[in-house]
file my_file.txt (compact mmCIF, C-alpha atoms and all ligand atoms)
# COMPACT_ATOMS: atom_id res chain seq x y z
CA MET P 1 0.00 0.00 0.00
CA LYS P 2 1.59 3.21 -1.08
CA THR P 3 -0.98 5.82 -1.92
CA LYS P 4 -3.72 7.66 -0.12
CA GLU P 5 -6.25 5.53 -2.01
CA ASP P 6 -4.52 2.30 -0.99
CA LEU P 7 -4.57 3.28 2.65
CA LYS P 8 -8.36 3.46 2.62
CA ILE P 9 -8.51 -0.24 3.45
CA TYR P 10 -7.26 0.74 6.91
CA GLY P 11 -10.25 3.04 7.30
CA GLY P 12 -12.00 0.46 9.47
CA ILE P 13 -9.20 0.41 12.05
CA PHE P 14 -7.74 3.89 11.99
CA ASP P 15 -9.36 7.30 12.18
CA LYS P 16 -8.98 9.91 9.46
CA GLU P 17 -6.20 11.81 11.18
CA THR P 18 -4.13 8.65 11.70
CA LEU P 19 -4.53 7.78 8.02
CA LEU P 20 -3.36 11.28 7.12
CA THR P 21 -0.30 10.96 9.37
CA LEU P 22 0.50 7.61 7.81
CA TYR P 23 0.19 9.17 4.40
CA THR P 24 2.43 12.10 5.36
CA LEU P 25 5.11 9.62 6.45
CA ILE P 26 4.82 7.92 3.07
CA ARG P 27 4.98 11.21 1.19
CA LYS P 28 8.11 12.17 3.10
CA LYS P 29 9.59 8.75 2.35
CA PHE P 30 10.02 7.67 5.97
CA ILE P 31 7.89 4.73 4.87
CA THR P 32 7.73 3.55 1.29
CA GLU P 33 5.22 0.75 1.78
CA VAL P 34 2.64 -0.23 4.39
CA GLY P 35 1.94 -3.93 4.78
CA GLY P 36 -0.16 -6.13 7.01
CA ILE P 37 -0.95 -6.12 10.72
CA ILE P 38 1.63 -7.89 12.89
CA ASN P 39 -0.17 -7.41 16.15
CA SER P 40 -3.22 -5.64 17.49
CA GLY P 41 -3.01 -4.85 21.19
CA LYS P 42 -4.97 -2.78 23.64
CA GLU P 43 -2.95 0.36 23.14
CA ALA P 44 -1.41 0.00 19.71
CA VAL P 45 -1.57 -1.71 16.36
CA LEU P 46 1.73 -2.92 14.88
CA LEU P 47 2.08 -2.87 11.11
CA HIS P 48 4.78 -4.24 8.89
CA GLY P 49 6.20 -1.84 6.34
CA ARG P 50 9.16 -0.93 4.22
CA LYS P 51 11.54 1.95 3.89
CA SER P 52 13.05 1.21 0.49
CA ALA P 53 14.77 -2.16 0.87
CA LYS P 54 14.59 -2.13 4.67
CA GLU P 55 11.73 -3.60 6.67
CA VAL P 56 10.16 -1.37 9.31
CA ALA P 57 7.71 -1.84 12.16
CA ILE P 58 5.02 0.83 12.37
CA LYS P 59 3.50 1.22 15.82
CA VAL P 60 0.19 3.05 15.65
CA TYR P 61 -1.11 4.11 19.05
CA LYS P 62 -4.84 4.07 19.44
CA THR P 63 -6.19 7.52 20.17
CA LEU P 64 -9.54 6.37 21.51
CA THR P 65 -9.97 3.13 23.40
CA SER P 66 -12.86 0.86 22.51
CA ASN P 67 -14.11 1.29 26.03
CA PHE P 68 -14.41 4.95 25.28
CA LYS P 69 -16.16 4.30 22.00
CA GLU P 70 -18.91 2.34 23.71
CA ARG P 71 -19.79 5.41 25.72
CA ARG P 72 -19.91 7.55 22.64
CA VAL P 73 -23.66 8.20 22.73
CA TYR P 74 -23.43 9.62 26.21
CA ILE P 75 -20.64 12.03 25.54
CA GLU P 76 -20.62 13.00 21.94
CA GLY P 77 -23.34 15.63 22.20
CA ASP P 78 -21.61 17.18 25.18
CA LEU P 79 -19.59 20.28 24.31
CA ARG P 80 -17.01 19.48 26.98
CA PHE P 81 -16.25 16.23 25.18
CA LYS P 82 -14.59 17.98 22.25
CA ARG P 83 -11.92 19.42 24.51
CA MET P 84 -11.47 16.12 26.35
CA LYS P 85 -11.10 14.22 23.13
CA LYS P 86 -8.42 16.65 21.98
CA ASP P 87 -6.56 16.42 25.28
CA MET P 88 -6.62 12.63 25.23
CA LYS P 89 -5.32 12.60 21.69
CA HIS P 90 -2.42 14.81 22.71
CA LEU P 91 -1.68 12.56 25.64
CA VAL P 92 -1.38 9.64 23.23
CA TYR P 93 0.99 11.71 21.04
CA LEU P 94 3.13 12.38 24.11
CA TRP P 95 3.16 8.69 24.96
CA ALA P 96 4.33 7.79 21.43
CA LEU P 97 7.02 10.47 21.59
CA LYS P 98 8.14 9.15 24.96
CA GLU P 99 8.59 5.68 23.48
CA TYR P 100 10.56 7.17 20.59
CA LYS P 101 12.83 9.13 22.94
CA ASN P 102 13.35 6.14 25.22
CA LEU P 103 14.20 3.95 22.24
CA LYS P 104 16.68 6.50 20.96
CA ARG P 105 18.33 6.92 24.35
CA MET P 106 18.64 3.16 24.75
CA TYR P 107 19.86 2.65 21.20
CA ASP P 108 22.53 5.34 21.65
CA ALA P 109 23.61 3.68 24.90
CA GLY P 110 24.21 0.40 23.06
CA VAL P 111 21.13 -1.44 24.32
CA ASN P 112 19.71 -3.98 21.88
CA VAL P 113 16.47 -2.31 20.85
CA PRO P 114 14.93 -1.79 17.40
CA LYS P 115 16.53 1.33 15.92
CA PRO P 116 14.00 4.19 16.03
CA ILE P 117 13.37 5.96 12.72
CA ILE P 118 10.74 8.62 13.31
CA CYS P 119 7.75 9.54 15.43
CA LYS P 120 4.90 11.66 14.19
CA LYS P 121 1.74 12.21 16.20
CA ASN P 122 0.55 8.73 17.24
CA ILE P 123 2.81 6.81 14.85
CA LEU P 124 6.26 5.48 15.68
CA VAL P 125 8.42 3.91 12.98
CA MET P 126 11.33 1.65 13.94
CA LYS P 127 13.44 -1.11 12.52
CA PHE P 128 11.61 -4.38 11.98
CA ILE P 129 13.04 -7.29 13.95
CA GLY P 130 12.39 -10.39 11.89
CA GLU P 131 12.41 -11.17 8.21
CA LYS P 132 10.14 -11.00 5.18
CA GLY P 133 7.19 -9.71 7.16
CA THR P 134 7.43 -12.37 9.85
CA PRO P 135 8.32 -10.83 13.20
CA ALA P 136 10.89 -12.43 15.47
CA PRO P 137 9.27 -14.61 18.15
CA LEU P 138 8.83 -13.40 21.71
CA LEU P 139 11.06 -14.92 24.37
CA LYS P 140 7.97 -16.51 25.96
CA ASP P 141 7.15 -18.43 22.79
CA ILE P 142 10.45 -20.03 21.89
CA GLU P 143 12.19 -23.23 22.71
CA ILE P 144 15.36 -21.83 24.28
CA ASN P 145 18.48 -23.88 23.84
CA ASP P 146 21.02 -21.18 24.62
CA ALA P 147 19.29 -19.85 27.74
CA ASN P 148 22.56 -18.97 29.47
CA LYS P 149 23.71 -16.80 26.59
CA ILE P 150 20.34 -15.05 26.27
CA PHE P 151 20.18 -14.46 30.02
CA THR P 152 23.67 -12.92 30.05
CA LEU P 153 22.81 -10.64 27.13
CA ILE P 154 19.61 -9.44 28.77
CA LYS P 155 21.47 -8.70 32.01
CA LYS P 156 23.99 -6.72 29.95
CA ASP P 157 21.13 -4.76 28.38
CA ILE P 158 19.56 -3.98 31.76
CA GLU P 159 22.96 -2.79 32.91
CA LYS P 160 23.57 -0.57 29.87
CA MET P 161 20.05 0.77 30.16
CA TYR P 162 20.55 1.76 33.76
CA LYS P 163 24.17 2.88 33.70
CA ASN P 164 24.53 4.46 30.26
CA ALA P 165 21.00 5.55 29.37
CA ASN P 166 19.87 6.21 32.93
CA LEU P 167 16.62 4.42 32.21
CA VAL P 168 14.58 1.65 33.77
CA HIS P 169 12.30 -0.34 31.43
CA GLY P 170 9.48 -0.86 33.89
CA ASP P 171 7.67 -3.64 32.03
CA LEU P 172 10.46 -6.02 31.20
CA SER P 173 9.49 -9.67 30.83
CA GLU P 174 9.47 -12.55 28.35
CA TYR P 175 6.51 -10.74 26.71
CA ASN P 176 8.57 -7.72 25.70
CA ILE P 177 11.71 -9.37 24.41
CA LEU P 178 12.08 -10.57 20.83
CA ILE P 179 14.63 -13.23 20.02
CA TRP P 180 16.34 -12.80 16.70
CA ASP P 181 19.59 -14.63 17.31
CA ILE P 182 20.10 -12.23 20.19
CA PRO P 183 17.46 -10.63 22.44
CA PHE P 184 15.84 -7.32 21.42
CA ILE P 185 14.03 -5.35 24.08
CA ILE P 186 10.79 -3.72 22.93
CA ASP P 187 7.78 -1.82 24.26
CA VAL P 188 9.64 0.95 26.05
CA SER P 189 6.97 3.66 26.26
CA GLN P 190 6.66 3.32 30.02
CA ALA P 191 10.41 3.36 30.71
CA VAL P 192 11.41 6.00 33.26
CA LEU P 193 14.54 7.94 34.15
CA SER P 194 16.47 6.46 37.05
CA SER P 195 15.64 9.61 39.00
CA HIS P 196 11.93 8.75 38.87
CA PRO P 197 10.52 8.12 42.36
CA TYR P 198 9.50 4.56 41.44
CA ALA P 199 12.55 3.75 39.31
CA LEU P 200 14.09 1.44 41.88
CA ASP P 201 10.87 -0.46 42.44
CA PHE P 202 10.51 -0.90 38.68
CA LEU P 203 14.13 -1.98 38.33
CA ARG P 204 13.78 -4.55 41.07
CA ARG P 205 10.61 -5.93 39.48
CA ASP P 206 12.22 -6.09 36.02
CA ILE P 207 15.23 -7.95 37.39
CA GLU P 208 13.18 -10.34 39.50
CA ARG P 209 10.92 -11.23 36.56
CA ILE P 210 13.85 -11.93 34.25
CA PHE P 211 15.71 -13.97 36.85
CA PHE P 212 12.54 -15.93 37.67
CA PHE P 213 11.91 -16.71 33.99
CA PHE P 214 15.43 -18.00 33.38
CA LYS P 215 15.55 -19.93 36.62
CA LYS P 216 12.38 -21.69 35.44
CA ASN P 217 14.25 -22.46 32.23
CA GLY P 218 17.14 -24.15 33.95
CA VAL P 219 19.64 -21.32 34.28
CA THR P 220 21.64 -20.91 37.47
CA THR P 221 20.75 -17.28 37.74
CA GLY P 222 22.11 -16.34 41.13
CA ASP P 223 20.33 -13.93 43.41
CA PRO P 224 18.39 -11.14 41.68
CA LEU P 225 18.85 -8.78 44.62
CA SER P 226 22.64 -9.18 44.49
CA PHE P 227 22.52 -8.22 40.83
CA LEU P 228 20.37 -5.23 41.70
CA LYS P 229 22.72 -4.11 44.47
CA GLN P 230 25.74 -4.47 42.21
CA LEU P 231 24.05 -2.33 39.56
CA LEU P 232 23.18 0.35 42.07
CA LYS P 233 26.70 0.36 43.47
CA GLU P 234 28.31 0.77 40.07
CA GLY P 235 25.63 2.87 38.42
CA LYS P 236 24.73 6.47 38.76
CA GLY P 237 21.40 5.76 40.39
CA ASN P 238 20.34 6.28 43.98
CA GLU P 239 20.51 3.90 46.93
CA PRO P 240 17.61 1.45 47.26
CA ARG P 241 14.72 2.72 49.31
N1 LIG E 1 10.34 -3.63 16.00
C1 LIG E 1 9.55 -4.71 15.92
N2 LIG E 1 9.80 -5.68 15.00
C2 LIG E 1 9.00 -6.76 14.91
N3 LIG E 1 7.91 -6.97 15.67
C3 LIG E 1 7.60 -6.05 16.59
C4 LIG E 1 8.39 -4.87 16.76
N4 LIG E 1 7.84 -4.13 17.75
C5 LIG E 1 6.77 -4.82 18.18
N5 LIG E 1 6.61 -5.98 17.50
C6 LIG E 1 5.53 -6.98 17.67
O1 LIG E 1 4.33 -6.33 18.07
C7 LIG E 1 3.92 -6.77 19.36
C8 LIG E 1 3.38 -5.61 20.18
O2 LIG E 1 4.36 -4.60 20.34
P1 LIG E 1 4.59 -3.88 21.73
O3 LIG E 1 5.54 -2.76 21.49
O4 LIG E 1 4.96 -4.88 22.77
O5 LIG E 1 3.16 -3.24 22.02
P2 LIG E 1 2.03 -3.54 23.11
O6 LIG E 1 1.95 -2.27 23.88
O7 LIG E 1 0.81 -3.82 22.30
O8 LIG E 1 2.47 -4.70 23.96
C9 LIG E 1 5.14 -7.42 19.97
O9 LIG E 1 4.79 -8.42 20.88
C10 LIG E 1 5.87 -7.97 18.76
O10 LIG E 1 5.34 -9.24 18.41
MG MG E 2 4.24 -5.50 24.64
call {"tool": "encode", "arguments": {"input": "my_file.txt", "output": "structure tokens"}}
result
Amino acid sequence: MKTKEDLKIYGGIFDKETLLTLYTLIRKKFITEVGGIINSGKEAVLLHGRKSAKEVAIKVYKTLTSNFKERRVYIEGDLRFKRMKKDMKHLVYLWALKEYKNLKRMYDAGVNVPKPIICKKNILVMKFIGEKGTPAPLLKDIEINDANKIFTLIKKDIEKMYKNANLVHGDLSEYNILIWDIPFIIDVSQAVLSSHPYALDFLRRDIERIFFFFKKNGVTTGDPLSFLKQLLKEGKGNEPR
């Protein structure tokens, strides 16, 4: 799909403004082709696409939740709703931009994340992890035979994220890691700066989840809290609360 006309088939899923944004990205050549849906979640729809020869992942954040849509009749005639709708839309734009900025910060710090390409309104374009339109599998879905190696690489990524990018993922688990030979960390919109008041709680939870998963998969992980303490000692972050 390359033209405004082509994109009309997405009319059922995306609103007019989203279609326009998608089209603008095509016109400016940030995307040269829009393909099929990879995943449709609660907050975003993931599309496969191309930027010339390269494959890209297009994350389209939903601007109105379905829950909201059901209540449409009650609110649409209300003048106050117009303002609210606008504010919510802008909140979603901010959320998309936050994911873009987090991705960029992590990528620059050497963390294995999909390289970010551009963010416009509610659409984030990044490198596609996978091949020929088939996305790399999630860590939770694969038969792991090199669990030790994958575990070590993820620990390295957590470390780089914290020490070099000053970020904590906040929702790290086998659901947000793609395996394409090596692990790629995704879904970073909620990541916070290590100065965030809950950063340490998030970091501890991230580490505990990863350690738990690999322990379950036969890895001698060691103690997650020792790893956390080591990170805090070496990193720039604060002492645990
Ligand atoms: N860069 C990418 N390359 C390939 N597939 C991706 C990429 N980013 C996301 N996906 C796929 O889309 C799914 C949803 O993306 P994610 O960022 O986790 O959004 P959600 O908020 O819906 O969980 C992922 O589980 C993965 O299968
Ligand atoms: Mg996810």
call {"tool": "closest_residue", "arguments": {"input": "my_file.txt", "among": "P:Ile75, P:Leu225, P:Met126, P:Cys119", "to": "ligand LIG 1 (chain E)", "atoms": "all atoms listed in the file"}}
result
P:Met126
call {"tool": "closest_residue", "arguments": {"input": "my_file.txt", "among": "P:Asp108, P:Asp15, P:Glu174, P:Glu33", "to": "ligand MG 2 (chain E)", "atoms": "only C-alpha atoms and all ligand atoms"}}
result
P:Glu174
call {"tool": "closest_residue", "arguments": {"input": "my_file.txt", "among": "P:Lys98, P:His169, P:Lys149, P:Lys28", "to": "Pro183 (chain P)", "atoms": "all atoms listed in the file"}}
result
P:Lys149
call {"tool": "residues_around", "arguments": {"input": "my_file.txt", "residues": "Val192 (chain P)", "least_positions_apart": "4", "cutoff": "10 Å", "atoms": "only C-alpha atoms", "output": "list in words"}}
result
Lys98, Asn102, Asn166, Leu167, Val168, His169, Gly170, Val188, His196, Pro197, Tyr198, Ala199, Phe202 and Leu203 of chain P
call {"tool": "residues_around", "arguments": {"input": "my_file.txt", "residues": "Glu99 (chain P)", "least_positions_apart": "5", "cutoff": "9 Å", "atoms": "all atoms listed in the file", "output": "PyMOL selection string"}}
result
chain P and resi 94+104+119+124+187-191
call {"tool": "closest_residue", "arguments": {"input": "my_file.txt", "among": "P:Glu70, P:Glu208, P:Asp141, P:Asp181", "to": "ligand LIG 1 (chain E)", "atoms": "all atoms listed in the file"}}
result
P:Asp141
call {"tool": "closest_atom_pairs", "arguments": {"input": "my_file.txt", "of": "chain P", "to": "ligand LIG 1 (chain E)", "cutoff": "8 Å", "atoms": "only C-alpha atoms and all ligand atoms", "output": "tab-separated table"}}
result
residue	atom	partner	partner_atom	distance
P:Ile38	CA	E:LIG1	O1	6.0
P:Asn39	CA	E:LIG1	O1	5.0
P:Ser40	CA	E:LIG1	O7	6.5
P:Gly41	CA	E:LIG1	O7	4.1
P:Lys42	CA	E:LIG1	O7	6.0
P:Glu43	CA	E:LIG1	O6	5.6
P:Ala44	CA	E:LIG1	O7	5.1
P:Val45	CA	E:LIG1	O7	6.7
P:Leu46	CA	E:LIG1	O1	5.3
P:His48	CA	E:LIG1	C2	7.8
P:Val56	CA	E:LIG1	N1	7.1
P:Ala57	CA	E:LIG1	N1	5.0
P:Ile58	CA	E:LIG1	N1	7.8
P:Lys59	CA	E:LIG1	N4	7.2
P:Val113	CA	E:LIG1	N1	7.9
P:Pro114	CA	E:LIG1	N1	5.1
P:Lys115	CA	E:LIG1	N1	7.9
P:Met126	CA	E:LIG1	N1	5.8
P:Lys127	CA	E:LIG1	N1	5.3
P:Phe128	CA	E:LIG1	N2	3.8
P:Ile129	CA	E:LIG1	N2	3.8
P:Gly130	CA	E:LIG1	C2	5.8
P:Thr134	CA	E:LIG1	C2	7.7
P:Pro135	CA	E:LIG1	C2	4.5
P:Ala136	CA	E:LIG1	C2	6.0
P:Pro137	CA	E:LIG1	O10	6.7
P:Leu138	CA	E:LIG1	O10	6.4
P:Tyr175	CA	E:LIG1	O9	6.5
P:Asn176	CA	E:LIG1	O4	5.4
P:Ile177	CA	E:LIG1	O9	7.8
P:Leu178	CA	E:LIG1	C10	7.0
P:Ile186	CA	E:LIG1	O3	5.5
P:Asp187	CA	E:LIG1	O3	3.7
P:Val188	CA	E:LIG1	O3	7.2
call {"tool": "write_last_selection", "arguments": {"input": "my_file.txt", "atoms": "C-alpha atoms", "output": "compact mmCIF listing (two decimals), in the coordinates of the input"}}
result
# COMPACT_ATOMS: atom_id res chain seq x y z
CA ILE P 38 1.63 -7.89 12.89
CA ASN P 39 -0.17 -7.41 16.15
CA SER P 40 -3.22 -5.64 17.49
CA GLY P 41 -3.01 -4.85 21.19
CA LYS P 42 -4.97 -2.78 23.64
CA GLU P 43 -2.95 0.36 23.14
CA ALA P 44 -1.41 0.00 19.71
CA VAL P 45 -1.57 -1.71 16.36
CA LEU P 46 1.73 -2.92 14.88
CA HIS P 48 4.78 -4.24 8.89
CA VAL P 56 10.16 -1.37 9.31
CA ALA P 57 7.71 -1.84 12.16
CA ILE P 58 5.02 0.83 12.37
CA LYS P 59 3.50 1.22 15.82
CA VAL P 113 16.47 -2.31 20.85
CA PRO P 114 14.93 -1.79 17.40
CA LYS P 115 16.53 1.33 15.92
CA MET P 126 11.33 1.65 13.94
CA LYS P 127 13.44 -1.11 12.52
CA PHE P 128 11.61 -4.38 11.98
CA ILE P 129 13.04 -7.29 13.95
CA GLY P 130 12.39 -10.39 11.89
CA THR P 134 7.43 -12.37 9.85
CA PRO P 135 8.32 -10.83 13.20
CA ALA P 136 10.89 -12.43 15.47
CA PRO P 137 9.27 -14.61 18.15
CA LEU P 138 8.83 -13.40 21.71
CA TYR P 175 6.51 -10.74 26.71
CA ASN P 176 8.57 -7.72 25.70
CA ILE P 177 11.71 -9.37 24.41
CA LEU P 178 12.08 -10.57 20.83
CA ILE P 186 10.79 -3.72 22.93
CA ASP P 187 7.78 -1.82 24.26
CA VAL P 188 9.64 0.95 26.05
call {"tool": "atom_distance", "arguments": {"input": "my_file.txt", "atom1": "CA of Glu5 (chain P)", "atom2": "CA of Ile26 (chain P)"}}
result
12.4 Å
call {"tool": "atom_distance", "arguments": {"input": "my_file.txt", "atom1": "CA of Lys85 (chain P)", "atom2": "CA of Thr24 (chain P)"}}
result
22.4 Å
call {"tool": "closest_residue", "arguments": {"input": "my_file.txt", "among": "P:Arg72, P:Lys163, P:Lys4, P:Lys140", "to": "ligand MG 2 (chain E)", "atoms": "all atoms listed in the file"}}
result
P:Lys140
call {"tool": "atom_distance", "arguments": {"input": "my_file.txt", "atom1": "CA of Lys54 (chain P)", "atom2": "CA of Leu25 (chain P)"}}
result
15.2 Å
call {"tool": "axis_aligned_box", "arguments": {"input": "my_file.txt", "around": "region 151-167 of chain P", "padding_each_side": "3 Å", "output": "lines of an AutoDock Vina configuration file"}}
result
center_x = 20.6
center_y = -4.1
center_z = 30.4
size_x = 13.9
size_y = 26.7
size_z = 12.6
call {"tool": "residues_around", "arguments": {"input": "my_file.txt", "residues": "region 16-23 of chain P", "least_positions_apart": "4", "cutoff": "9 Å", "atoms": "only C-alpha atoms", "output": "list in words"}}
result
Lys2, Thr3, Lys4, Leu7, Lys8, Tyr10, Gly11, Arg27, Lys28, Ile31, Val34, Val60, Thr63, Lys120, Lys121, Asn122 and Ile123 of chain P
call {"tool": "closest_residue", "arguments": {"input": "my_file.txt", "among": "P:Ile179, P:Ala147, P:Ile185, P:Ala109", "to": "ligand MG 2 (chain E)", "atoms": "only C-alpha atoms and all ligand atoms"}}
result
P:Ile185
call {"tool": "residues_near_point", "arguments": {"input": "my_file.txt", "point": "(21.0, -17.1, 23.4)", "cutoff": "12 Å", "atoms": "only C-alpha atoms", "output": "list in words"}}
result
Leu139, Ile142, Glu143, Ile144, Asn145, Asp146, Ala147, Asn148, Lys149, Ile150, Phe151, Thr152, Leu153, Ile154, Leu178, Ile179, Trp180, Asp181, Ile182, Pro183, Phe184, Phe214 and Val219 of chain P
call {"tool": "residues_near_point", "arguments": {"input": "my_file.txt", "point": "(25.2, 0.4, 25.7)", "cutoff": "9 Å", "atoms": "all atoms listed in the file", "output": "ChimeraX atom specification"}}
result
/P:106-112,156-157,159-161,163-165
